[in-house]
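Notes follow the structure.
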Amino acid sequence: MRIGIDAHILGKGKGGVERYVRHLVEGLPPVAREHEFVVFVNRRFAESVHDHENVRFVRLPFADPILERSLVLPLLARRHRLDALQVQRIAPLATRSRLVVDVHDLVPLKDPENYRGIRNFLIRRLTPGSVRRAWRIVVPTEVVRREVLQRFGMDERRVVAIPRGVDHQQFCPADSGDRPPEVLRRLDIRGPYMLYVGAIEPRRNLEVVLRALARLRAGGLADVAFVMTGGVRSNAYARALADLAANLGLTGSVVQTGYVDDADLVGLLRHARLVVAPSWGEGFNMPPLEAMACGTPVVCSDIEVHRELLAGSACFFDAASDERLAEVMDRLWSDSAERARLRKIGLERASVFTWEKTACQTAAMYRSLADPSAA
């Protein structure tokens, strides 16, 4: 088959989705050599990606993904005679290509109050039709697969769970003699810290961490700092967090870095005493696995996705309870033996997730799609 991949997100600093698309573009062609791939990238994308003989890169004329998918991709699908086209969440309305739609989560559909604006409105309006037109829907976890099947009531053979991976060459423990990374000096992080990695938005439940941190400070654990790394998706929520930190007397203990590149991220993950993942809802959640791959213990909210990905290898807490989170953090902060135990089992758990597996499972999905009798 000739397969198109919508990779307009490359180079935009969009976190987990961009990381997934990058590894898909790099890893799929060499394990699916029987197919040709046409990869559509945005016109400003100037980075290099691996060059394979069965791949052609095409620059998109527009940067806006809605315009690109509604008008441009159908034209390009015809021009390049695509048998299949893989897109992120929103599929073109008119194309003869067999559509493969990545649905990373259903959060904007389930929580419209916290996902406002025209783009999220369009996602809510267009996702159901995109899913129903798709020959295959690719989701990152069994949790999301069940949600898609229940919400849209379709043939379960059309929804395929393919977990994301971890780049173990990049996300790995520091050598014993490694110096603290330069990013710590640049951010003026001088002592031990706990780390959050991800977007700053309401569903990430960061207020529970601030309240737990205040409990620890009140209990006498004064050397705890909280570093938040990730882009702001809700300015109102970011302001609310800053106000809460000030009201709790934590202003000097909270560092918000914004988006950082992977080199800085690895340094922050390796040297954190623990990583906290407090979200109310996720589709996959890559940062806790990357933290484990770096040898850092993880504390996470007790939600279905975290149970699927991290069961037995992280400390869980009730997402609504800052008291319970404070208890877990207090224990881990002072118990080096427990941190060492979590480090060991976390490394083992993270090793299960590789981008090679993601590519091979995606190739298997395309082999099933190439079958003339595929649904």
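Residues are named by chain letter and number: chains run A, B, ... in the order of the structure tokens, numbers start at 1 in each chain, and ligands are numbered from 1 in the order shown.
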Residues near Gly312 of chain A, cut-off 10 Å, only C-alpha atoms, skip fewer than 2 positions along chain, as an NGL selection string: :A and (307-310 or 314-316 or 342 or 345-346 or 349)
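Here the residues within segment 127-267 of chain A that DSSP labels strand (DSSP E) on the basis of the backbone are A:Arg136, A:Ile137, A:Val138, A:Val139, A:Val159, A:Val160, A:Ala161, A:Tyr193, A:Met194, A:Leu195, A:Tyr196, A:Val197, A:Ala225, A:Phe226, A:Val227, A:Met228, A:Thr229, A:Val254, A:Val255, A:Gln256, A:Thr257, A:Gly258.
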Write out the residues from the selection above, keeping N, CA and C atoms, as a JSON list (two decimals), in the first residue's frame.
```json
[["chain", "number", "residue", "atom", "x", "y", "z"],
["A", 136, "ARG", "N", -9.73, 2.07, 10.72],
["A", 136, "ARG", "CA", -9.12, 1.64, 11.98],
["A", 136, "ARG", "C", -8.98, 2.87, 12.88],
["A", 137, "ILE", "N", -9.27, 2.69, 14.18],
["A", 137, "ILE", "CA", -9.03, 3.71, 15.19],
["A", 137, "ILE", "C", -7.92, 3.18, 16.07],
["A", 138, "VAL", "N", -6.82, 3.94, 16.17],
["A", 138, "VAL", "CA", -5.68, 3.54, 16.98],
["A", 138, "VAL", "C", -5.71, 4.33, 18.28],
["A", 139, "VAL", "N", -5.68, 3.61, 19.40],
["A", 139, "VAL", "CA", -5.71, 4.24, 20.72],
["A", 139, "VAL", "C", -4.50, 3.74, 21.51],
["A", 159, "VAL", "N", -11.10, -1.00, 16.43],
["A", 159, "VAL", "CA", -10.39, -0.19, 17.42],
["A", 159, "VAL", "C", -9.21, -1.00, 17.94],
["A", 160, "VAL", "N", -7.99, -0.48, 17.73],
["A", 160, "VAL", "CA", -6.77, -1.21, 18.05],
["A", 160, "VAL", "C", -5.97, -0.43, 19.09],
["A", 161, "ALA", "N", -5.66, -1.08, 20.19],
["A", 161, "ALA", "CA", -4.82, -0.46, 21.23],
["A", 161, "ALA", "C", -3.36, -0.74, 20.94],
["A", 193, "TYR", "N", 14.21, 18.07, 44.88],
["A", 193, "TYR", "CA", 12.93, 18.54, 44.35],
["A", 193, "TYR", "C", 12.11, 17.37, 43.83],
["A", 194, "MET", "N", 10.81, 17.58, 43.81],
["A", 194, "MET", "CA", 9.93, 16.66, 43.09],
["A", 194, "MET", "C", 9.50, 17.35, 41.80],
["A", 195, "LEU", "N", 9.14, 16.53, 40.81],
["A", 195, "LEU", "CA", 8.97, 17.06, 39.46],
["A", 195, "LEU", "C", 7.64, 16.61, 38.88],
["A", 196, "TYR", "N", 6.98, 17.53, 38.19],
["A", 196, "TYR", "CA", 5.82, 17.21, 37.35],
["A", 196, "TYR", "C", 6.19, 17.55, 35.92],
["A", 197, "VAL", "N", 5.83, 16.65, 34.98],
["A", 197, "VAL", "CA", 6.08, 16.88, 33.56],
["A", 197, "VAL", "C", 4.76, 16.75, 32.82],
["A", 225, "ALA", "N", 11.04, 21.15, 47.23],
["A", 225, "ALA", "CA", 10.69, 22.08, 46.15],
["A", 225, "ALA", "C", 9.90, 21.31, 45.10],
["A", 226, "PHE", "N", 9.04, 22.03, 44.38],
["A", 226, "PHE", "CA", 8.19, 21.43, 43.36],
["A", 226, "PHE", "C", 8.47, 22.12, 42.03],
["A", 227, "VAL", "N", 8.93, 21.36, 41.06],
["A", 227, "VAL", "CA", 9.25, 21.88, 39.73],
["A", 227, "VAL", "C", 8.19, 21.38, 38.76],
["A", 228, "MET", "N", 7.54, 22.32, 38.05],
["A", 228, "MET", "CA", 6.53, 22.00, 37.05],
["A", 228, "MET", "C", 7.11, 22.29, 35.66],
["A", 229, "THR", "N", 7.19, 21.27, 34.84],
["A", 229, "THR", "CA", 7.78, 21.41, 33.51],
["A", 229, "THR", "C", 6.74, 21.10, 32.45],
["A", 254, "VAL", "N", 8.12, 26.77, 44.52],
["A", 254, "VAL", "CA", 7.53, 26.27, 43.28],
["A", 254, "VAL", "C", 8.25, 26.91, 42.09],
["A", 255, "VAL", "N", 8.71, 26.08, 41.17],
["A", 255, "VAL", "CA", 9.41, 26.55, 39.97],
["A", 255, "VAL", "C", 8.63, 26.08, 38.76],
["A", 256, "GLN", "N", 8.20, 26.99, 37.90],
["A", 256, "GLN", "CA", 7.52, 26.64, 36.66],
["A", 256, "GLN", "C", 8.45, 26.96, 35.50],
["A", 257, "THR", "N", 8.86, 25.94, 34.76],
["A", 257, "THR", "CA", 9.89, 26.10, 33.75],
["A", 257, "THR", "C", 9.36, 26.42, 32.36],
["A", 258, "GLY", "N", 8.08, 26.14, 32.09],
["A", 258, "GLY", "CA", 7.60, 26.16, 30.72],
["A", 258, "GLY", "C", 8.12, 24.94, 29.98]]
```
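Near segment 74-90 of chain A, within a cut-off of 7 Å and counting only C-alpha atoms, sit the residues Met1, Arg2, Ile3, Gly4, Ile5, Asp6, Leu71, Val72, Pro92, Ala94, Thr95, Ser97, Arg98, Leu99, Val100, Val101, Asp102, Val103, Leu126, Thr127 and Ser130 of chain A, with same-chain residues fewer than 2 positions away left out.
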Kindly save the residues from that selection, with N, CA and C atoms included, as a PDB file, in the first residue's frame.
```pdb
ATOM      1  N   MET A   1       0.836  -1.192   0.000  1.00  0.00           N
ATOM      2  CA  MET A   1       0.000   0.000   0.000  1.00  0.00           C
ATOM      3  C   MET A   1       0.876   1.248   0.000  1.00  0.00           C
ATOM      4  N   ARG A   2       0.299   2.342  -0.455  1.00  0.00           N
ATOM      5  CA  ARG A   2       0.913   3.659  -0.303  1.00  0.00           C
ATOM      6  C   ARG A   2       0.168   4.362   0.828  1.00  0.00           C
ATOM      7  N   ILE A   3       0.899   4.678   1.898  1.00  0.00           N
ATOM      8  CA  ILE A   3       0.297   5.148   3.147  1.00  0.00           C
ATOM      9  C   ILE A   3       0.753   6.580   3.419  1.00  0.00           C
ATOM     10  N   GLY A   4      -0.201   7.468   3.663  1.00  0.00           N
ATOM     11  CA  GLY A   4       0.111   8.831   4.063  1.00  0.00           C
ATOM     12  C   GLY A   4       0.041   8.969   5.575  1.00  0.00           C
ATOM     13  N   ILE A   5       0.940   9.748   6.144  1.00  0.00           N
ATOM     14  CA  ILE A   5       0.939  10.029   7.583  1.00  0.00           C
ATOM     15  C   ILE A   5       0.935  11.536   7.788  1.00  0.00           C
ATOM     16  N   ASP A   6      -0.082  12.022   8.471  1.00  0.00           N
ATOM     17  CA  ASP A   6      -0.172  13.443   8.795  1.00  0.00           C
ATOM     18  C   ASP A   6       0.775  13.733   9.964  1.00  0.00           C
ATOM     19  N   LEU A  71      -9.222  20.530   3.795  1.00  0.00           N
ATOM     20  CA  LEU A  71      -9.068  20.874   2.382  1.00  0.00           C
ATOM     21  C   LEU A  71      -7.834  20.264   1.728  1.00  0.00           C
ATOM     22  N   VAL A  72      -6.693  20.382   2.404  1.00  0.00           N
ATOM     23  CA  VAL A  72      -5.426  20.046   1.764  1.00  0.00           C
ATOM     24  C   VAL A  72      -5.197  18.539   1.690  1.00  0.00           C
ATOM     25  N   PRO A  92     -10.188  13.809   7.360  1.00  0.00           N
ATOM     26  CA  PRO A  92     -10.805  14.535   6.241  1.00  0.00           C
ATOM     27  C   PRO A  92     -12.206  14.007   5.950  1.00  0.00           C
ATOM     28  N   ALA A  94     -13.720  14.046   2.871  1.00  0.00           N
ATOM     29  CA  ALA A  94     -13.868  13.425   1.553  1.00  0.00           C
ATOM     30  C   ALA A  94     -12.528  12.899   1.067  1.00  0.00           C
ATOM     31  N   THR A  95     -12.346  11.608   1.161  1.00  0.00           N
ATOM     32  CA  THR A  95     -11.158  10.969   0.622  1.00  0.00           C
ATOM     33  C   THR A  95     -11.470   9.505   0.343  1.00  0.00           C
ATOM     34  N   SER A  97      -9.118   7.287   0.365  1.00  0.00           N
ATOM     35  CA  SER A  97      -8.136   6.515   1.125  1.00  0.00           C
ATOM     36  C   SER A  97      -8.791   5.877   2.349  1.00  0.00           C
ATOM     37  N   ARG A  98      -8.285   4.732   2.730  1.00  0.00           N
ATOM     38  CA  ARG A  98      -8.738   4.118   3.977  1.00  0.00           C
ATOM     39  C   ARG A  98      -8.156   4.919   5.146  1.00  0.00           C
ATOM     40  N   LEU A  99      -9.033   5.406   5.995  1.00  0.00           N
ATOM     41  CA  LEU A  99      -8.614   6.300   7.073  1.00  0.00           C
ATOM     42  C   LEU A  99      -8.205   5.515   8.316  1.00  0.00           C
ATOM     43  N   VAL A 100      -7.066   5.905   8.867  1.00  0.00           N
ATOM     44  CA  VAL A 100      -6.629   5.432  10.184  1.00  0.00           C
ATOM     45  C   VAL A 100      -6.571   6.661  11.077  1.00  0.00           C
ATOM     46  N   VAL A 101      -7.324   6.651  12.158  1.00  0.00           N
ATOM     47  CA  VAL A 101      -7.438   7.825  13.023  1.00  0.00           C
ATOM     48  C   VAL A 101      -6.850   7.497  14.397  1.00  0.00           C
ATOM     49  N   ASP A 102      -5.856   8.295  14.807  1.00  0.00           N
ATOM     50  CA  ASP A 102      -5.315   8.186  16.164  1.00  0.00           C
ATOM     51  C   ASP A 102      -6.201   8.973  17.111  1.00  0.00           C
ATOM     52  N   VAL A 103      -6.744   8.299  18.116  1.00  0.00           N
ATOM     53  CA  VAL A 103      -7.521   8.961  19.168  1.00  0.00           C
ATOM     54  C   VAL A 103      -6.738   8.775  20.464  1.00  0.00           C
ATOM     55  N   LEU A 126     -16.264  17.157  15.499  1.00  0.00           N
ATOM     56  CA  LEU A 126     -15.730  16.391  14.379  1.00  0.00           C
ATOM     57  C   LEU A 126     -15.216  15.002  14.759  1.00  0.00           C
ATOM     58  N   THR A 127     -14.879  14.790  16.028  1.00  0.00           N
ATOM     59  CA  THR A 127     -14.344  13.481  16.415  1.00  0.00           C
ATOM     60  C   THR A 127     -15.326  12.337  16.156  1.00  0.00           C
ATOM     61  N   SER A 130     -15.286  11.470  12.519  1.00  0.00           N
ATOM     62  CA  SER A 130     -13.970  10.947  12.141  1.00  0.00           C
ATOM     63  C   SER A 130     -13.826   9.490  12.557  1.00  0.00           C
TER      64      SER A 130
END
```
Top pick for closest residue to Gly153 of chain A, considering A:Val131, A:Val224, A:Ala326, A:Cys360 and counting only C-alpha atoms: A:Val131
One-decimal distance in Å that lies between atom CA of Arg19 of chain A and atom CA of Cys172 of chain A: 16.7 Å
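Residues lying within 12 Å of Ala240 of chain A, counting only C-alpha atoms and ignoring same-chain neighbours fewer than 4 positions away, are Ile200, Glu201, Pro202, Asn205, Leu206, Glu207, Leu210, Ser234, Asn235, Ala236, Leu244, Ala245, Ala246 and Asn247 of chain A.
Shell of Val144 of chain A at 8 Å, with only C-alpha atoms counted and residues fewer than 6 places along the chain excluded, is His104, Asp105, Leu106 and Gly283 of chain A.
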All alpha helix (DSSP H) positions in segment 171-328 of chain A, as a ChimeraX atom specification: /A:182-186,206-218,235-247,262-271,286-293,304-310,322-328
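Considering the residues A:Leu289, A:Leu265, A:Phe121, A:Val208 and counting only C-alpha atoms, Phe317 of chain A has its shortest atom-to-atom contact with A:Val208.
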Contact residues around Leu109 of chain A with only C-alpha atoms at 10 Å, ignoring same-chain residues under 5 positions, as a list in words: Tyr115, Asn120, Phe121, Ile123, Arg124, Arg125, Thr127 and Pro128 of chain A
Residue subset to file, keeping N, CA and C atoms, as a CSV table (one decimal), in the first residue's frame:
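Output contents, as saved in again-v3.csv:
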```
chain,number,residue,atom,x,y,z
A,115,TYR,N,-12.5,22.5,28.4
A,115,TYR,CA,-11.9,22.5,27.1
A,115,TYR,C,-12.8,23.3,26.2
A,120,ASN,N,-11.4,23.3,20.5
A,120,ASN,CA,-12.0,22.2,21.3
A,120,ASN,C,-13.4,21.9,20.9
A,121,PHE,N,-14.1,23.0,20.5
A,121,PHE,CA,-15.5,22.9,20.0
A,121,PHE,C,-15.5,22.0,18.7
A,123,ILE,N,-13.2,19.9,17.8
A,123,ILE,CA,-12.8,18.5,18.2
A,123,ILE,C,-14.0,17.7,18.6
A,124,ARG,N,-14.8,18.4,19.5
A,124,ARG,CA,-16.0,17.7,20.0
A,124,ARG,C,-17.0,17.4,18.8
A,125,ARG,N,-17.1,18.3,17.9
A,125,ARG,CA,-18.1,18.2,16.8
A,125,ARG,C,-17.6,17.2,15.8
A,127,THR,N,-14.9,14.8,16.0
A,127,THR,CA,-14.3,13.5,16.4
A,127,THR,C,-15.3,12.3,16.2
A,128,PRO,N,-16.6,12.5,16.5
A,128,PRO,CA,-17.5,11.3,16.3
A,128,PRO,C,-17.6,10.9,14.8
```
